[in-house]
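Asks: See coords32.cif below, with mmCIF, C-alpha atoms.
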```cif
data_data
#
loop_
_atom_site.label_atom_id
_atom_site.label_comp_id
_atom_site.auth_asym_id
_atom_site.auth_seq_id
_atom_site.Cartn_x
_atom_site.Cartn_y
_atom_site.Cartn_z
CA MET Q 35 282.69 45.31 -70.86
CA ILE Q 36 281.14 47.76 -68.44
CA ASN Q 37 277.64 48.60 -67.37
CA LEU Q 38 277.51 52.21 -68.35
CA LYS Q 39 274.98 54.59 -66.89
CA PHE Q 40 274.84 58.14 -68.13
CA LYS Q 41 272.41 60.75 -69.37
CA VAL Q 42 271.90 61.69 -72.99
CA ASN Q 43 269.69 64.65 -73.79
CA GLY Q 44 268.11 64.47 -70.35
CA LYS Q 45 267.28 60.76 -70.53
CA GLU Q 46 268.93 58.06 -68.42
CA VAL Q 47 270.78 55.52 -70.54
CA ALA Q 48 272.02 52.17 -69.24
CA ILE Q 49 273.95 49.95 -71.64
CA LYS Q 50 276.62 47.30 -71.64
CA VAL Q 51 279.57 48.31 -73.82
CA GLU Q 52 283.29 47.79 -74.28
CA ASP Q 53 285.38 50.14 -72.10
CA SER Q 54 287.17 51.32 -75.23
CA LYS Q 55 284.04 52.20 -77.21
CA ARG Q 56 284.09 55.88 -78.08
CA LEU Q 57 281.26 58.18 -77.08
CA LEU Q 58 280.85 59.00 -80.77
CA ASP Q 59 280.22 55.32 -81.60
CA ILE Q 60 277.93 54.84 -78.62
CA LEU Q 61 275.80 57.77 -79.77
CA ARG Q 62 275.69 56.74 -83.42
CA ASP Q 63 275.67 52.93 -83.26
CA GLU Q 64 274.05 52.10 -79.93
CA LEU Q 65 271.63 54.99 -79.54
CA GLY Q 66 270.93 55.83 -83.18
CA LEU Q 67 271.83 59.50 -82.70
CA THR Q 68 273.52 60.02 -86.05
CA GLY Q 69 273.43 63.82 -85.99
CA THR Q 70 276.92 63.80 -84.46
CA LYS Q 71 279.46 63.35 -87.27
CA GLU Q 72 282.90 61.81 -87.42
CA GLY Q 73 285.48 63.94 -89.20
CA CYS Q 74 289.15 63.40 -88.39
CA GLY Q 75 288.71 61.05 -85.43
CA ILE Q 76 291.72 62.59 -83.67
CA GLY Q 77 290.28 65.71 -82.03
CA GLU Q 78 291.39 68.24 -84.60
CA CYS Q 79 288.25 69.07 -86.60
CA GLY Q 80 285.39 69.38 -84.10
CA ALA Q 81 282.76 67.69 -86.31
CA CYS Q 82 281.92 65.28 -83.46
CA THR Q 83 281.49 68.00 -80.81
CA VAL Q 84 278.90 67.33 -78.10
CA ILE Q 85 278.36 68.95 -74.71
CA MET Q 86 279.57 66.92 -71.72
CA ASN Q 87 278.79 68.21 -68.22
CA GLY Q 88 278.39 71.71 -69.66
CA ASP Q 89 281.52 71.90 -71.84
CA ALA Q 90 282.00 71.28 -75.56
CA VAL Q 91 284.15 68.16 -76.08
CA CYS Q 92 285.17 65.89 -78.95
CA SER Q 93 283.07 62.72 -78.70
CA CYS Q 94 285.75 60.85 -80.68
CA LEU Q 95 288.22 61.31 -77.80
CA ILE Q 96 286.10 60.00 -74.94
CA LEU Q 97 285.88 56.31 -74.09
CA ALA Q 98 282.97 54.57 -72.42
CA GLY Q 99 285.13 54.09 -69.33
CA GLN Q 100 285.30 57.87 -68.90
CA LEU Q 101 281.54 58.38 -69.20
CA GLN Q 102 280.08 56.96 -65.99
CA ASN Q 103 277.38 59.37 -64.69
CA ALA Q 104 278.20 62.02 -67.30
CA GLU Q 105 275.54 64.27 -68.80
CA ILE Q 106 275.72 64.49 -72.56
CA GLU Q 107 273.83 66.80 -74.87
CA THR Q 108 273.82 66.19 -78.63
CA ILE Q 109 272.59 68.06 -81.67
CA GLU Q 110 269.30 66.11 -81.48
CA ASN Q 111 268.44 68.05 -78.33
CA LEU Q 112 268.31 71.42 -80.04
CA GLU Q 113 265.14 70.85 -82.01
CA ARG Q 114 262.00 70.47 -79.88
CA ASP Q 115 258.72 69.08 -81.20
CA ASN Q 116 259.79 69.73 -84.77
CA ILE Q 117 260.60 73.35 -83.96
CA LEU Q 118 264.18 74.40 -84.55
CA SER Q 119 266.02 76.30 -81.83
CA ASN Q 120 266.76 79.98 -82.40
CA LEU Q 121 270.41 79.06 -82.90
CA GLN Q 122 269.50 76.65 -85.71
CA GLU Q 123 267.14 79.25 -87.23
CA ALA Q 124 269.95 81.80 -87.18
CA PHE Q 125 272.30 79.37 -88.98
CA LEU Q 126 269.65 78.99 -91.71
CA GLU Q 127 268.92 82.71 -91.87
CA TYR Q 128 272.60 83.67 -92.24
CA GLY Q 129 273.51 80.85 -94.59
CA ALA Q 130 275.94 79.47 -92.02
CA ILE Q 131 275.82 76.07 -93.72
CA GLN Q 132 277.14 74.82 -96.98
CA CYS Q 133 277.83 71.10 -97.12
CA GLY Q 134 276.56 70.84 -93.53
CA PHE Q 135 279.08 68.32 -92.22
CA CYS Q 136 280.65 70.67 -89.64
CA THR Q 137 277.29 72.17 -88.68
CA PRO Q 138 276.27 69.89 -85.77
CA GLY Q 139 279.67 70.45 -84.16
CA MET Q 140 279.55 74.20 -84.79
CA LEU Q 141 276.07 74.38 -83.24
CA MET Q 142 277.14 72.45 -80.14
CA SER Q 143 280.25 74.59 -79.59
CA ALA Q 144 278.11 77.71 -80.04
CA LYS Q 145 275.48 76.38 -77.64
CA ALA Q 146 278.08 75.53 -74.99
CA LEU Q 147 279.29 79.13 -75.23
CA LEU Q 148 275.81 80.71 -75.12
CA ASP Q 149 274.68 78.52 -72.21
CA LYS Q 150 277.45 80.05 -70.09
CA ASN Q 151 277.79 83.44 -71.68
CA PRO Q 152 274.55 84.64 -73.32
CA HIS Q 153 276.14 87.86 -74.62
CA PRO Q 154 279.58 86.98 -75.97
CA THR Q 155 281.74 89.41 -77.93
CA GLU Q 156 282.83 88.56 -81.46
CA GLU Q 157 286.27 87.63 -80.06
CA GLU Q 158 284.67 85.23 -77.58
CA ILE Q 159 282.62 83.64 -80.37
CA LYS Q 160 285.73 83.18 -82.51
CA THR Q 161 287.62 81.64 -79.60
CA ALA Q 162 284.78 79.25 -78.75
CA LEU Q 163 284.64 78.05 -82.38
CA GLU Q 164 288.42 77.71 -82.81
CA GLY Q 165 288.25 73.93 -82.52
CA ASN Q 166 285.62 73.54 -85.25
CA LEU Q 167 286.86 73.50 -88.81
CA CYS Q 168 284.68 74.35 -91.82
CA ARG Q 169 286.21 73.33 -95.15
CA CYS Q 170 283.61 75.21 -97.21
CA THR Q 171 285.26 78.39 -95.82
CA GLY Q 172 282.05 79.57 -94.21
CA TYR Q 173 283.34 81.14 -90.99
CA ILE Q 174 281.93 84.63 -91.46
CA PRO Q 175 278.28 83.58 -91.82
CA ILE Q 176 278.73 81.20 -88.87
CA ILE Q 177 280.09 83.96 -86.63
CA ASP Q 178 277.35 86.33 -87.84
CA ALA Q 179 274.69 83.73 -87.04
CA VAL Q 180 275.95 83.24 -83.49
CA LYS Q 181 276.27 87.00 -83.00
CA ASN Q 182 272.74 87.68 -84.18
CA VAL Q 183 270.97 84.90 -82.34
CA LEU Q 184 271.76 86.69 -79.11
CA ASP Q 185 268.61 88.77 -78.80
CA LYS Q 186 266.36 85.84 -79.45
CA TYR Q 187 268.27 83.24 -77.50
CA MET N 106 292.21 45.05 -74.06
CA LYS N 107 292.00 45.29 -70.33
CA PHE N 108 290.89 48.43 -68.51
CA TYR N 109 291.07 49.30 -64.84
CA LYS N 110 289.36 52.02 -62.87
CA PRO N 111 290.92 52.57 -59.44
CA THR N 112 288.74 54.03 -56.69
CA SER N 113 291.53 56.00 -54.97
CA ILE N 114 295.24 56.80 -55.23
CA PRO N 115 296.27 53.82 -53.03
CA ASP N 116 294.03 51.63 -55.20
CA LEU N 117 295.72 53.05 -58.30
CA PHE N 118 299.16 51.94 -57.08
CA ARG N 119 297.82 48.57 -55.94
CA ILE N 120 296.43 47.92 -59.44
CA SER N 121 299.49 49.31 -61.15
CA GLU N 122 301.90 47.10 -59.18
CA GLU N 123 299.84 44.01 -59.97
CA ILE N 124 300.26 44.59 -63.69
CA GLU N 125 303.62 43.49 -64.98
CA GLY N 126 305.17 45.18 -67.98
CA LYS N 127 303.97 48.16 -69.95
CA LYS N 128 300.76 49.90 -69.04
CA TYR N 129 299.10 53.21 -69.77
CA PHE N 130 297.61 55.74 -67.37
CA LEU N 131 294.72 57.47 -69.09
CA ALA N 132 294.32 61.11 -68.00
CA GLY N 133 292.49 63.40 -70.44
CA GLY N 134 292.79 60.80 -73.17
CA THR N 135 293.38 63.22 -76.04
CA ASP N 136 296.43 61.26 -77.22
CA ILE N 137 295.96 57.77 -75.82
CA ASN N 138 292.41 57.41 -77.12
CA VAL N 139 293.58 58.15 -80.65
CA GLN N 140 296.32 55.52 -80.27
CA ILE N 141 293.75 52.99 -79.06
CA LYS N 142 291.51 53.75 -82.02
CA ASN N 143 294.38 53.41 -84.46
CA GLY N 144 295.54 50.12 -82.94
CA ILE N 145 298.88 51.53 -81.76
CA ILE N 146 297.87 50.58 -78.22
CA LYS N 147 296.13 47.22 -78.38
CA ASP N 148 297.44 44.74 -75.84
CA GLU N 149 298.72 46.85 -72.98
CA PRO N 150 296.40 47.42 -70.03
CA VAL N 151 294.97 50.93 -69.58
CA ILE N 152 294.28 52.44 -66.17
CA PHE N 153 291.71 55.24 -66.07
CA ILE N 154 292.84 57.95 -63.65
CA ASN N 155 290.91 61.00 -64.84
CA HIS N 156 288.19 60.60 -62.18
CA LEU N 157 290.63 60.80 -59.24
CA ASN N 158 289.79 64.20 -57.80
CA GLU N 159 292.79 64.16 -55.43
CA LEU N 160 294.99 64.73 -58.48
CA LYS N 161 293.10 67.81 -59.69
CA GLY N 162 293.20 71.48 -58.82
CA ILE N 163 295.49 74.47 -58.29
CA LYS N 164 296.65 75.31 -54.78
CA GLU N 165 299.05 77.78 -53.21
CA SER N 166 301.35 77.61 -50.24
CA GLU N 167 303.58 80.39 -48.97
CA ASP N 168 305.96 80.37 -51.91
CA ILE N 169 304.77 77.62 -54.29
CA ILE N 170 301.92 77.10 -56.73
CA LEU N 171 300.94 73.44 -56.93
CA ILE N 172 299.05 72.24 -60.00
CA GLY N 173 297.58 68.74 -59.71
CA THR N 174 298.54 66.49 -62.60
CA LEU N 175 294.94 66.09 -63.80
CA THR N 176 294.22 69.82 -63.89
CA THR N 177 292.92 70.70 -67.34
CA TYR N 178 294.19 73.53 -69.53
CA LYS N 179 290.77 75.14 -69.23
CA GLU N 180 291.14 75.23 -65.44
CA ILE N 181 294.62 76.72 -65.79
CA ILE N 182 293.49 79.37 -68.29
CA GLU N 183 290.49 80.35 -66.12
CA SER N 184 292.24 80.27 -62.74
CA ASP N 185 291.96 83.52 -60.73
CA LEU N 186 294.95 82.46 -58.63
CA LEU N 187 297.21 82.04 -61.68
CA ARG N 188 295.94 85.31 -63.18
CA LYS N 189 297.26 87.00 -60.05
CA VAL N 190 300.47 85.07 -59.46
CA LEU N 191 301.68 83.65 -62.81
CA PRO N 192 299.94 85.71 -65.54
CA PHE N 193 302.66 85.12 -68.17
CA PHE N 194 302.35 81.36 -67.73
CA GLN N 195 298.57 81.53 -67.93
CA ASN N 196 298.40 83.84 -70.97
CA SER N 197 300.94 81.81 -72.91
CA LEU N 198 298.75 78.72 -72.68
CA LYS N 199 295.76 80.33 -74.36
CA SER N 200 297.17 79.19 -77.71
CA PHE N 201 297.11 75.56 -76.56
CA ALA N 202 295.21 73.34 -79.05
CA SER N 203 291.58 74.57 -79.05
CA PRO N 204 289.00 75.35 -76.36
CA ILE N 205 287.45 71.91 -76.90
CA LEU N 206 290.77 70.19 -76.23
CA GLN N 207 291.63 72.59 -73.38
CA THR N 208 288.57 71.19 -71.60
CA MET N 209 289.85 67.65 -71.91
CA ALA N 210 293.66 67.75 -71.91
CA THR N 211 295.58 67.71 -68.61
CA ILE N 212 298.91 69.33 -67.73
CA GLY N 213 300.38 66.10 -66.33
CA GLY N 214 299.26 64.18 -69.40
CA ASN N 215 300.90 66.75 -71.65
CA ILE N 216 304.25 66.32 -69.84
CA ALA N 217 304.04 62.53 -69.51
CA ASN N 218 303.12 62.15 -73.16
CA GLY N 219 306.67 63.38 -73.66
CA SER N 220 306.25 65.04 -77.03
CA PRO N 221 309.22 67.28 -77.97
CA THR N 222 306.60 69.84 -79.04
CA ALA N 223 304.62 69.91 -75.76
CA ASP N 224 303.43 73.51 -75.38
CA VAL N 225 303.67 73.69 -71.63
CA THR N 226 307.15 72.29 -71.08
CA PRO N 227 309.35 75.20 -72.33
CA LEU N 228 307.29 77.57 -70.17
CA LEU N 229 307.65 75.40 -67.10
CA LEU N 230 311.39 75.09 -67.75
CA VAL N 231 312.02 78.84 -67.63
CA LEU N 232 309.81 79.06 -64.54
CA ASP N 233 312.12 76.53 -62.81
CA ALA N 234 309.23 74.13 -62.24
CA LYS N 235 309.60 70.90 -60.32
CA LEU N 236 307.57 67.72 -60.53
CA LYS N 237 306.19 65.84 -57.59
CA LEU N 238 306.38 62.15 -58.44
CA PHE N 239 304.06 59.74 -56.63
CA SER N 240 304.54 56.04 -56.11
CA LYS N 241 303.08 53.55 -53.65
CA SER N 242 305.33 54.32 -50.73
CA ARG N 243 307.03 57.58 -51.53
CA ILE N 244 306.77 61.05 -52.95
CA ARG N 245 309.85 62.65 -54.47
CA GLU N 246 310.49 66.02 -56.06
CA VAL N 247 312.63 66.43 -59.17
CA LYS N 248 313.50 69.41 -61.31
CA LEU N 249 311.60 69.36 -64.60
CA SER N 250 314.93 70.06 -66.33
CA GLU N 251 316.22 66.73 -65.01
CA PHE N 252 313.07 64.77 -65.83
CA PHE N 253 313.70 64.02 -69.51
CA THR N 254 316.47 61.69 -70.62
CA GLY N 255 315.66 61.24 -74.33
CA TYR N 256 312.87 61.19 -76.89
CA LYS N 257 309.78 60.26 -74.83
CA GLU N 258 312.07 58.95 -72.09
CA PHE N 259 312.04 60.08 -68.46
CA ILE N 260 313.44 59.25 -65.07
CA LEU N 261 310.02 57.92 -63.98
CA LYS N 262 310.36 54.51 -62.35
CA ALA N 263 307.92 51.66 -62.90
CA ASN N 264 304.62 52.36 -61.14
CA GLU N 265 305.50 55.99 -60.54
CA ILE N 266 303.39 58.87 -61.88
CA ILE N 267 303.63 62.64 -62.11
CA GLY N 268 301.43 63.74 -59.20
CA ALA N 269 301.77 67.50 -59.38
CA ILE N 270 303.67 70.38 -60.92
CA LEU N 271 305.30 72.91 -58.59
CA ILE N 272 306.12 76.46 -59.66
CA PRO N 273 307.76 79.07 -57.40
CA LYS N 274 305.28 81.93 -56.88
CA ASN N 275 307.92 84.53 -57.68
CA ALA N 276 309.11 82.71 -60.83
CA GLU N 277 307.96 85.52 -63.16
CA THR N 278 308.40 88.44 -60.81
CA GLY N 279 310.72 91.17 -62.06
CA PHE N 280 311.41 89.49 -65.42
CA ASP N 281 310.69 90.52 -68.99
CA THR N 282 308.79 87.58 -70.42
CA PHE N 283 308.76 86.02 -73.87
CA PHE N 284 306.87 83.12 -75.43
CA GLU N 285 306.48 82.37 -79.11
CA LYS N 286 304.88 79.29 -80.56
CA VAL N 287 305.41 79.09 -84.31
CA GLY N 288 302.80 77.02 -86.12
CA SER N 289 300.93 76.84 -89.40
CA ARG N 290 297.83 78.41 -87.92
CA LYS N 291 296.74 80.11 -84.72
CA SER N 292 294.78 77.39 -83.00
CA LEU N 293 294.78 73.62 -83.32
CA THR N 294 298.39 73.60 -84.38
CA ILE N 295 301.36 71.53 -83.37
CA ALA N 296 304.39 73.76 -82.94
CA LYS N 297 307.12 73.92 -85.56
CA LEU N 298 309.17 75.41 -82.74
CA GLU N 299 308.72 77.22 -79.45
CA ILE N 300 310.91 79.63 -77.53
CA ALA N 301 310.19 80.68 -73.95
CA GLY N 302 312.32 83.23 -72.13
CA LEU N 303 312.69 85.35 -69.01
CA LYS N 304 315.26 88.11 -68.66
CA ARG N 305 316.17 90.79 -66.18
CA LEU N 306 318.33 93.76 -67.10
CA LYS N 307 320.27 96.12 -64.85
CA ASN N 308 321.97 99.19 -66.33
CA ASN N 309 321.47 97.72 -69.81
CA LYS N 310 323.30 94.54 -68.76
CA ILE N 311 321.68 91.12 -68.64
CA GLU N 312 321.61 90.26 -64.98
CA GLU N 313 319.72 87.00 -65.40
CA ILE N 314 318.34 85.16 -68.44
CA LYS N 315 316.50 81.88 -68.94
CA ILE N 316 315.74 80.46 -72.37
CA ALA N 317 313.97 77.19 -73.20
CA ALA N 318 313.36 75.62 -76.58
CA GLY N 319 310.57 73.27 -77.68
CA ALA N 320 310.47 71.09 -80.80
CA LEU N 321 314.18 71.79 -81.34
CA ASN N 322 315.69 68.77 -79.54
CA GLU N 323 314.56 65.25 -78.58
CA TYR N 324 312.81 66.88 -75.65
CA PRO N 325 312.19 70.48 -74.55
CA ARG N 326 315.21 71.88 -72.75
CA ARG N 327 316.89 74.96 -71.32
CA LEU N 328 319.69 76.49 -73.41
CA HIS N 329 322.21 76.73 -70.58
CA LYS N 330 325.28 77.50 -72.70
CA LEU N 331 323.54 80.37 -74.39
CA GLU N 332 322.28 81.64 -71.02
CA GLU N 333 325.83 81.52 -69.65
CA PHE N 334 327.19 83.41 -72.66
CA LEU N 335 324.57 86.15 -72.37
CA THR N 336 324.68 86.69 -68.62
CA GLY N 337 326.48 89.91 -67.73
CA LYS N 338 326.55 91.19 -71.33
CA ASP N 339 325.56 94.70 -72.30
CA ILE N 340 322.62 94.22 -74.68
CA ASP N 341 323.97 96.82 -77.12
CA ARG N 342 327.29 94.99 -77.40
CA ILE N 343 326.22 91.44 -78.01
CA ASP N 344 327.91 89.67 -80.88
CA PHE N 345 324.94 87.92 -82.47
CA SER N 346 327.09 85.80 -84.74
CA GLN N 347 328.39 84.17 -81.57
CA VAL N 348 324.84 83.80 -80.24
CA GLU N 349 323.91 81.99 -83.46
CA GLU N 350 326.94 79.75 -83.23
CA ILE N 351 326.19 78.72 -79.63
CA LEU N 352 322.49 78.26 -80.43
CA ASN N 353 323.29 76.03 -83.38
CA ARG N 354 325.33 73.79 -81.11
CA GLU N 355 322.61 73.66 -78.45
CA ILE N 356 319.65 72.79 -80.63
CA THR N 357 319.34 69.85 -82.99
CA PRO N 358 316.24 70.48 -85.09
CA ILE N 359 315.11 67.92 -87.63
CA SER N 360 313.19 68.18 -90.88
CA ASP N 361 309.75 66.59 -90.63
CA LEU N 362 306.23 67.03 -91.94
CA ARG N 363 305.74 70.30 -90.08
CA SER N 364 308.89 72.16 -91.02
CA ASP N 365 312.52 71.74 -92.00
CA LYS N 366 315.80 72.03 -90.16
CA GLU N 367 316.99 75.25 -91.86
CA TYR N 368 313.72 77.08 -91.13
CA ARG N 369 313.79 76.00 -87.50
CA LEU N 370 317.41 77.12 -87.03
CA GLN N 371 316.81 80.51 -88.65
CA VAL N 372 313.51 81.27 -86.91
CA SER N 373 314.71 80.22 -83.47
CA PHE N 374 317.71 82.53 -83.86
CA ASN N 375 315.44 85.40 -85.00
CA LEU N 376 313.12 84.88 -82.04
CA ILE N 377 315.97 84.74 -79.51
CA GLN N 378 317.48 87.90 -80.99
CA SER N 379 314.20 89.77 -80.72
CA PHE N 380 313.70 88.46 -77.17
CA ILE N 381 317.13 89.77 -76.14
CA LEU N 382 316.79 93.16 -77.81
CA ASN N 383 313.16 94.01 -76.95
#
```
As structure tokens, what does this structure read like?

Replies:
Amino acid sequence: MINLKFKVNGKEVAIKVEDSKRLLDILRDELGLTGTKEGCGIGECGACTVIMNGDAVCSCLILAGQLQNAEIETIENLERDNILSNLQEAFLEYGAIQCGFCTPGMLMSAKALLDKNPHPTEEEIKTALEGNLCRCTGYIPIIDAVKNVLDKY
Amino acid sequence: MKFYKPTSIPDLFRISEEIEGKKYFLAGGTDINVQIKNGIIKDEPVIFINHLNELKGIKESEDIILIGTLTTYKEIIESDLLRKVLPFFQNSLKSFASPILQTMATIGGNIANGSPTADVTPLLLVLDAKLKLFSKSRIREVKLSEFFTGYKEFILKANEIIGAILIPKNAETGFDTFFEKVGSRKSLTIAKLEIAGLKRLKNNKIEEIKIAAGALNEYPRRLHKLEEFLTGKDIDRIDFSQVEEILNREITPISDLRSDKEYRLQVSFNLIQSFILN
């Protein structure tokens, strides 16, 4: 067990957890942040993507022991006071969701890109989303949504 | 399960020497963490090393590029120094896994994981890379080509780790370069096979050639017999049936869930032929 201190969505979190507990499970089970989804559990689908210290990462591949002092941002941080972010609005507007299971991960990979590069090219958007799989075959609306959020973002 | 988090490199070796038997060093965690979750690793102690900044970063000396073992693929792909000095190496790694995994996975972890399909190893082999191995009281350098001894087996001694990867700065200079990773899709794919190559021609003759194969033997390796056969040959007068024969003796592909033996033999020959002729 370790005393883990880290930040989630801007708030300090201090909890006692097993070293081997995955970030994904800490978010969902300990902190009740169930917006982050588990897909493959081996880093190949991107459903569990969160932002760690500014980069998109798979929360299923990070253990508590790797998290000390990290800053984590999850899908719950996008909506503020019941108002969706422009990125979320764009996903709705362009129909970039079907079953919705990949959507939190897609949004977090897109946000990590836009935070660093507010005006990406289509190629850069495609590259940033390469690690996020959508099995409803909805890539075109997703790319369109990210492309068109740019002016508002 | 017991976990350790050393505060420094000396502390790492102190902890490591105190633990008898098998142990794991956790770098990026993209493979080990899956094995922990699936119960493949359950009793062996795990030592976190990913926070040890001394093992990160890309540096240059007069004639060598040194890549710390914990340097991530993202850092390699974005490095201005590598863009200038080893652009072929850098560009070839853009197909590694996905950007999410590039952020997490480390070069040393990729080599030490020992997979026959490791993307980086064939490239490093044709670049004549060396490894700097660290242990408590000594640092030694070995050629990467002499590092592997079998499937996931290396010359690493107990309590010794890969500390850094060394690549000669002029490793690509003056060569035609070639790298093909054949997979089922563009990103997030494990290679069916990989061929890396460097060649230098003079008056249409092959003056020097280096070819390495991944996913075609128990570990990635240079195809020395084929290199020997090709050196000095006029590229318009190469007997490709002989090339195929030598290749088929130097690689030992298997049939598995990603591909089969016949496909791997045929495609690796096709790739080597197009590398030689183009």

Asks: Using all atoms listed in the file, I'd like a table of the residues in chain N that come within 10 Å of chain Q; for each, show the closest atom pair and its distance in Å rounded to one decimal, ordered by chain and ascending number, as JSON lines.

Replies:
```
{"residue": "N:Met106", "atom": "CA", "partner": "Q:Ser54", "partner_atom": "CA", "distance": 8.1}
{"residue": "N:Lys107", "atom": "CA", "partner": "Q:Asp53", "partner_atom": "CA", "distance": 8.4}
{"residue": "N:Phe108", "atom": "CA", "partner": "Q:Asp53", "partner_atom": "CA", "distance": 6.8}
{"residue": "N:Tyr109", "atom": "CA", "partner": "Q:Gly99", "partner_atom": "CA", "distance": 8.9}
{"residue": "N:Lys110", "atom": "CA", "partner": "Q:Gly99", "partner_atom": "CA", "distance": 8.0}
{"residue": "N:Leu131", "atom": "CA", "partner": "Q:Gln100", "partner_atom": "CA", "distance": 9.4}
{"residue": "N:Ala132", "atom": "CA", "partner": "Q:Gln100", "partner_atom": "CA", "distance": 9.6}
{"residue": "N:Gly133", "atom": "CA", "partner": "Q:Ile96", "partner_atom": "CA", "distance": 8.5}
{"residue": "N:Gly134", "atom": "CA", "partner": "Q:Leu95", "partner_atom": "CA", "distance": 6.5}
{"residue": "N:Thr135", "atom": "CA", "partner": "Q:Leu95", "partner_atom": "CA", "distance": 5.8}
{"residue": "N:Asp136", "atom": "CA", "partner": "Q:Ile76", "partner_atom": "CA", "distance": 8.1}
{"residue": "N:Ile137", "atom": "CA", "partner": "Q:Leu95", "partner_atom": "CA", "distance": 8.7}
{"residue": "N:Asn138", "atom": "CA", "partner": "Q:Leu95", "partner_atom": "CA", "distance": 5.8}
{"residue": "N:Val139", "atom": "CA", "partner": "Q:Ile76", "partner_atom": "CA", "distance": 5.7}
{"residue": "N:Gln140", "atom": "CA", "partner": "Q:Ile76", "partner_atom": "CA", "distance": 9.1}
{"residue": "N:Ile141", "atom": "CA", "partner": "Q:Ser54", "partner_atom": "CA", "distance": 7.8}
{"residue": "N:Lys142", "atom": "CA", "partner": "Q:Ser54", "partner_atom": "CA", "distance": 8.4}
{"residue": "N:Asn143", "atom": "CA", "partner": "Q:Gly75", "partner_atom": "CA", "distance": 9.6}
{"residue": "N:Val151", "atom": "CA", "partner": "Q:Ser54", "partner_atom": "CA", "distance": 9.6}
{"residue": "N:Ile152", "atom": "CA", "partner": "Q:Gly99", "partner_atom": "CA", "distance": 9.8}
{"residue": "N:Phe153", "atom": "CA", "partner": "Q:Gly99", "partner_atom": "CA", "distance": 7.4}
{"residue": "N:Ile154", "atom": "CA", "partner": "Q:Gln100", "partner_atom": "CA", "distance": 9.2}
{"residue": "N:Asn155", "atom": "CA", "partner": "Q:Gln100", "partner_atom": "CA", "distance": 7.6}
{"residue": "N:His156", "atom": "CA", "partner": "Q:Gln100", "partner_atom": "CA", "distance": 7.8}
{"residue": "N:Lys199", "atom": "CA", "partner": "Q:Thr161", "partner_atom": "CA", "distance": 9.8}
{"residue": "N:Ala202", "atom": "CA", "partner": "Q:Gly165", "partner_atom": "CA", "distance": 7.8}
{"residue": "N:Ser203", "atom": "CA", "partner": "Q:Gly165", "partner_atom": "CA", "distance": 4.9}
{"residue": "N:Pro204", "atom": "CA", "partner": "Q:Ala162", "partner_atom": "CA", "distance": 6.2}
{"residue": "N:Ile205", "atom": "CA", "partner": "Q:Val91", "partner_atom": "CA", "distance": 5.1}
{"residue": "N:Leu206", "atom": "CA", "partner": "Q:Val91", "partner_atom": "CA", "distance": 6.9}
{"residue": "N:Gln207", "atom": "CA", "partner": "Q:Val91", "partner_atom": "CA", "distance": 9.1}
{"residue": "N:Thr208", "atom": "CA", "partner": "Q:Val91", "partner_atom": "CA", "distance": 7.0}
{"residue": "N:Met209", "atom": "CA", "partner": "Q:Val91", "partner_atom": "CA", "distance": 7.1}
{"residue": "N:Lys291", "atom": "CA", "partner": "Q:Glu164", "partner_atom": "CA", "distance": 8.9}
{"residue": "N:Ser292", "atom": "CA", "partner": "Q:Glu164", "partner_atom": "CA", "distance": 6.4}
{"residue": "N:Leu293", "atom": "CA", "partner": "Q:Glu78", "partner_atom": "CA", "distance": 6.5}
{"residue": "N:Thr294", "atom": "CA", "partner": "Q:Glu78", "partner_atom": "CA", "distance": 8.8}
```

Asks: Expand the PyMOL selection byres ((chain N and resi 240) around 7) into the individual residues it matches in the shown file, reporting them as an NGL selection string.

Replies: :N and (118 or 238-239 or 241-244 or 264-266)

Asks: Quick one: residues within 9 Å of Q:Glu107, all atoms listed in the file counted, chain neighbours fewer than 4 positions away excluded, as a ChimeraX atom specification?

Replies: /Q:41-44,84-88,111-112,142

Asks: To one decimal in Å, tell me the separation between atom CA of N:Leu362 and atom CA of N:Leu298.

Replies: 12.8 Å

Asks: Which polymer residues, protein or nucleic acid, are no farther than 7 Å from (274.0, 71.3, -82.8), counting only C-alpha atoms, as a list in words?

Replies: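 The residues near that point, listed by chain and number, are Thr108, Ile109, Leu112, Thr137, Pro138, Gly139, Met140, Leu141 and Met142 of chain Q.
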
Asks: Could you save the residues just selected, with C-alpha atoms, as a PDB file, keeping the file's coordinate frame?

Replies:
```pdb
ATOM      1  CA  THR Q 108     273.820  66.190 -78.630  1.00  0.00           C
ATOM      2  CA  ILE Q 109     272.590  68.060 -81.670  1.00  0.00           C
ATOM      3  CA  LEU Q 112     268.310  71.420 -80.040  1.00  0.00           C
ATOM      4  CA  THR Q 137     277.290  72.170 -88.680  1.00  0.00           C
ATOM      5  CA  PRO Q 138     276.270  69.890 -85.770  1.00  0.00           C
ATOM      6  CA  GLY Q 139     279.670  70.450 -84.160  1.00  0.00           C
ATOM      7  CA  MET Q 140     279.550  74.200 -84.790  1.00  0.00           C
ATOM      8  CA  LEU Q 141     276.070  74.380 -83.240  1.00  0.00           C
ATOM      9  CA  MET Q 142     277.140  72.450 -80.140  1.00  0.00           C
TER      10      MET Q 142
END
```

Asks: From the list N:Arg326, N:Arg354, N:Lys257, N:Lys310, which residue is nearest N:Lys338 when using only C-alpha atoms?

Replies: N:Lys310

Asks: Go ahead and compute the interatomic distance for atom CA of N:Gly255 and atom CA of N:Pro358, in Å to one decimal.

Replies: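 According to the coordinates, atom CA of N:Gly255 and atom CA of N:Pro358 are separated by 14.2 Å.
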
Asks: Check which residues satisfy the PyMOL selection byres ((chain N and resi 223) around 9) in the file shown, then give them as a PyMOL selection string.

Replies: chain N and resi 215-216+218-222+224-227+295-296+319-320+324-325
